Amino acid sequence: MLKEKVEKLAAKVFEENNFLFLISLDVNSANNIKVVIDGDEGVSVNDCIMVSRAIEHNLDRDEEDFSLEVTSAGVSEPLSMPRQYKKNLGRKLKVKTADDKFEGELVAADENEIKLSWKAREPKPVGKGKVTVQKEVVLPYSDIVEAKVKITF
């Protein structure tokens, strides 16, 4: 019952603030509510506060005691929805599939798949030595086991 109320309140907040979106919403048996959000341009502390207030101020603590935590999807968290891939176009990703691992620049993302691009050194077709070649792979979301943005300093 509490989860349904929170889901409705969260849906209203994201409808009014369509630059933000819900990654996950969990309510455990002790009524600990955890909401993880992301945004097309990132998430500020004020965004988390706004979502928290919109939920907390519309729940009655006299009816049910609860704790509420609203956080942003962290840098080390895997990408889980197409909208997250789209906001990370041009960044380097590490992607695992059931059969392989890829690391490259995210050059395209739509509702069904992503495209990674990278340079690789391969043996020359004729003669000794290696040559740099441009590689690409298109991966449907259904094939992706885990994808993370690679942070470089």
# chains A, B, ... in the order shown; residues from 1 in each chain; ligands from 1
>>> residues_around(residues="Lys12 in chain A", least_positions_apart="2", cutoff="12 Å", atoms="only C-alpha atoms", output="list in words")
Lys5, Val6, Glu7, Lys8, Leu9, Ala10, Phe14, Glu15, Glu16, Asn17, Asn18, Leu20, Phe21, Leu22, Val51, Ala54, Ile55 and Asn58 of chain A
>>> residues_around(residues="range 132-144 of chain A", least_positions_apart="2", cutoff="9 Å", atoms="only C-alpha atoms", output="ChimeraX atom specification")
/A:81-82,95-98,102,104,108,111-123,130,146-147
>>> select_by_dssp(residues="chain A", states="strand (DSSP E or B)", output="PyMOL selection string")
chain A and resi 20-27+32-40+42+67-72+92-97+101-109+113-123+130-140+144-149
>>> closest_residue(among="A:Leu2, A:Leu106, A:Leu89, A:Val131", to="Leu68 in chain A", atoms="only C-alpha atoms")
A:Leu2
>>> select_by_dssp(residues="chain A", states="alpha helix (DSSP H)", output="ChimeraX atom specification")
/A:2-16,45-56,82-87
>>> atom_distance(atom1="CA of Ser76 in chain A", atom2="CA of Val149 in chain A")
7.5 Å
>>> residues_around(residues="range 24-41 of chain A", least_positions_apart="4", cutoff="6 Å", atoms="only C-alpha atoms", output="list of chain:residue names")
A:Lys3, A:Phe19, A:Leu20, A:Phe66, A:Ser67, A:Leu68, A:Glu69, A:Val70, A:Thr71, A:Ser72, A:Ala73, A:Lys87
>>> atom_distance(atom1="CA of Gln84 in chain A", atom2="CA of Val107 in chain A")
13.5 Å
>>> atom_distance(atom1="CA of Asp62 in chain A", atom2="CA of Val45 in chain A")
27.8 Å
>>> closest_residue(among="A:Gly74, A:Val13, A:Lys92, A:Glu64", to="Ser52 in chain A", atoms="only C-alpha atoms")
A:Val13
>>> residues_around(residues="Val75 in chain A", least_positions_apart="3", cutoff="10 Å", atoms="only C-alpha atoms", output="ChimeraX atom specification")
/A:72,78-79,148-151
>>> write_last_selection(atoms="C-alpha atoms", output="mmCIF file, in the first residue's frame")
data_model
loop_
_atom_site.group_PDB
_atom_site.id
_atom_site.type_symbol
_atom_site.label_atom_id
_atom_site.label_comp_id
_atom_site.auth_asym_id
_atom_site.auth_seq_id
_atom_site.Cartn_x
_atom_site.Cartn_y
_atom_site.Cartn_z
ATOM 1 C CA SER A 72 21.045 10.296 -7.609
ATOM 2 C CA PRO A 78 25.649 0.777 -14.156
ATOM 3 C CA LEU A 79 23.401 2.340 -16.786
ATOM 4 C CA LYS A 148 29.278 1.707 -16.944
ATOM 5 C CA VAL A 149 30.664 5.097 -17.866
ATOM 6 C CA LYS A 150 34.460 4.991 -17.749
ATOM 7 C CA ILE A 151 35.744 7.903 -15.727
#
>>> decode(residues="range 52-80 of chain A", atoms="N, CA and C atoms", output="compact mmCIF listing (two decimals), in the first residue's frame")
# COMPACT_ATOMS: atom_id res chain seq x y z
N SER A 52 12.26 14.55 -2.65
CA SER A 52 12.04 14.10 -1.27
C SER A 52 10.85 14.82 -0.64
N ARG A 53 10.81 16.13 -0.77
CA ARG A 53 9.71 16.91 -0.18
C ARG A 53 8.37 16.57 -0.82
N ALA A 54 8.37 16.40 -2.14
CA ALA A 54 7.12 16.09 -2.84
C ALA A 54 6.54 14.76 -2.36
N ILE A 55 7.40 13.83 -2.01
CA ILE A 55 6.93 12.54 -1.51
C ILE A 55 6.59 12.63 -0.03
N GLU A 56 7.54 13.11 0.77
CA GLU A 56 7.39 13.12 2.23
C GLU A 56 6.22 13.97 2.69
N HIS A 57 6.02 15.13 2.09
CA HIS A 57 4.96 16.04 2.52
C HIS A 57 3.56 15.55 2.16
N ASN A 58 3.49 14.52 1.34
CA ASN A 58 2.19 13.96 0.96
C ASN A 58 1.93 12.59 1.57
N LEU A 59 2.76 12.19 2.51
CA LEU A 59 2.55 10.94 3.26
C LEU A 59 2.28 11.31 4.71
N ASP A 60 1.43 10.54 5.35
CA ASP A 60 1.05 10.82 6.74
C ASP A 60 1.82 9.87 7.68
N ARG A 61 2.70 10.46 8.49
CA ARG A 61 3.49 9.66 9.44
C ARG A 61 2.60 9.05 10.53
N ASP A 62 1.44 9.61 10.75
CA ASP A 62 0.53 9.03 11.75
C ASP A 62 -0.08 7.73 11.24
N GLU A 63 -0.25 7.62 9.93
CA GLU A 63 -0.78 6.39 9.33
C GLU A 63 0.29 5.30 9.32
N GLU A 64 1.47 5.66 8.77
CA GLU A 64 2.56 4.70 8.66
C GLU A 64 3.88 5.42 8.92
N ASP A 65 4.71 4.81 9.78
CA ASP A 65 6.04 5.37 10.02
C ASP A 65 6.93 4.91 8.86
N PHE A 66 7.82 5.79 8.40
CA PHE A 66 8.68 5.46 7.27
C PHE A 66 9.96 6.29 7.34
N SER A 67 10.96 5.83 6.60
CA SER A 67 12.14 6.65 6.36
C SER A 67 12.26 6.80 4.85
N LEU A 68 12.78 7.94 4.42
CA LEU A 68 12.85 8.23 2.99
C LEU A 68 14.26 8.67 2.63
N GLU A 69 14.81 8.05 1.59
CA GLU A 69 16.12 8.42 1.07
C GLU A 69 15.98 8.63 -0.44
N VAL A 70 16.35 9.82 -0.89
CA VAL A 70 16.34 10.13 -2.32
C VAL A 70 17.78 10.41 -2.73
N THR A 71 18.29 9.63 -3.69
CA THR A 71 19.67 9.80 -4.14
C THR A 71 19.71 9.85 -5.67
N SER A 72 20.84 10.32 -6.17
CA SER A 72 21.04 10.30 -7.61
C SER A 72 21.80 9.02 -7.97
N ALA A 73 21.68 8.63 -9.22
CA ALA A 73 22.44 7.47 -9.70
C ALA A 73 23.90 7.87 -9.68
N GLY A 74 24.71 7.13 -8.97
CA GLY A 74 26.12 7.47 -8.82
C GLY A 74 26.94 7.20 -10.06
N VAL A 75 28.11 7.79 -10.10
CA VAL A 75 29.02 7.64 -11.23
C VAL A 75 29.40 6.18 -11.44
N SER A 76 29.50 5.42 -10.36
CA SER A 76 29.93 4.02 -10.47
C SER A 76 28.77 3.06 -10.73
N GLU A 77 27.55 3.59 -10.75
CA GLU A 77 26.38 2.73 -10.97
C GLU A 77 26.25 2.38 -12.45
N PRO A 78 25.85 1.15 -12.75
CA PRO A 78 25.65 0.78 -14.16
C PRO A 78 24.46 1.53 -14.77
N LEU A 79 24.51 1.73 -16.07
CA LEU A 79 23.40 2.34 -16.79
C LEU A 79 22.30 1.28 -16.91
N SER A 80 21.05 1.72 -16.75
CA SER A 80 19.98 0.72 -16.74
C SER A 80 18.83 1.03 -17.69
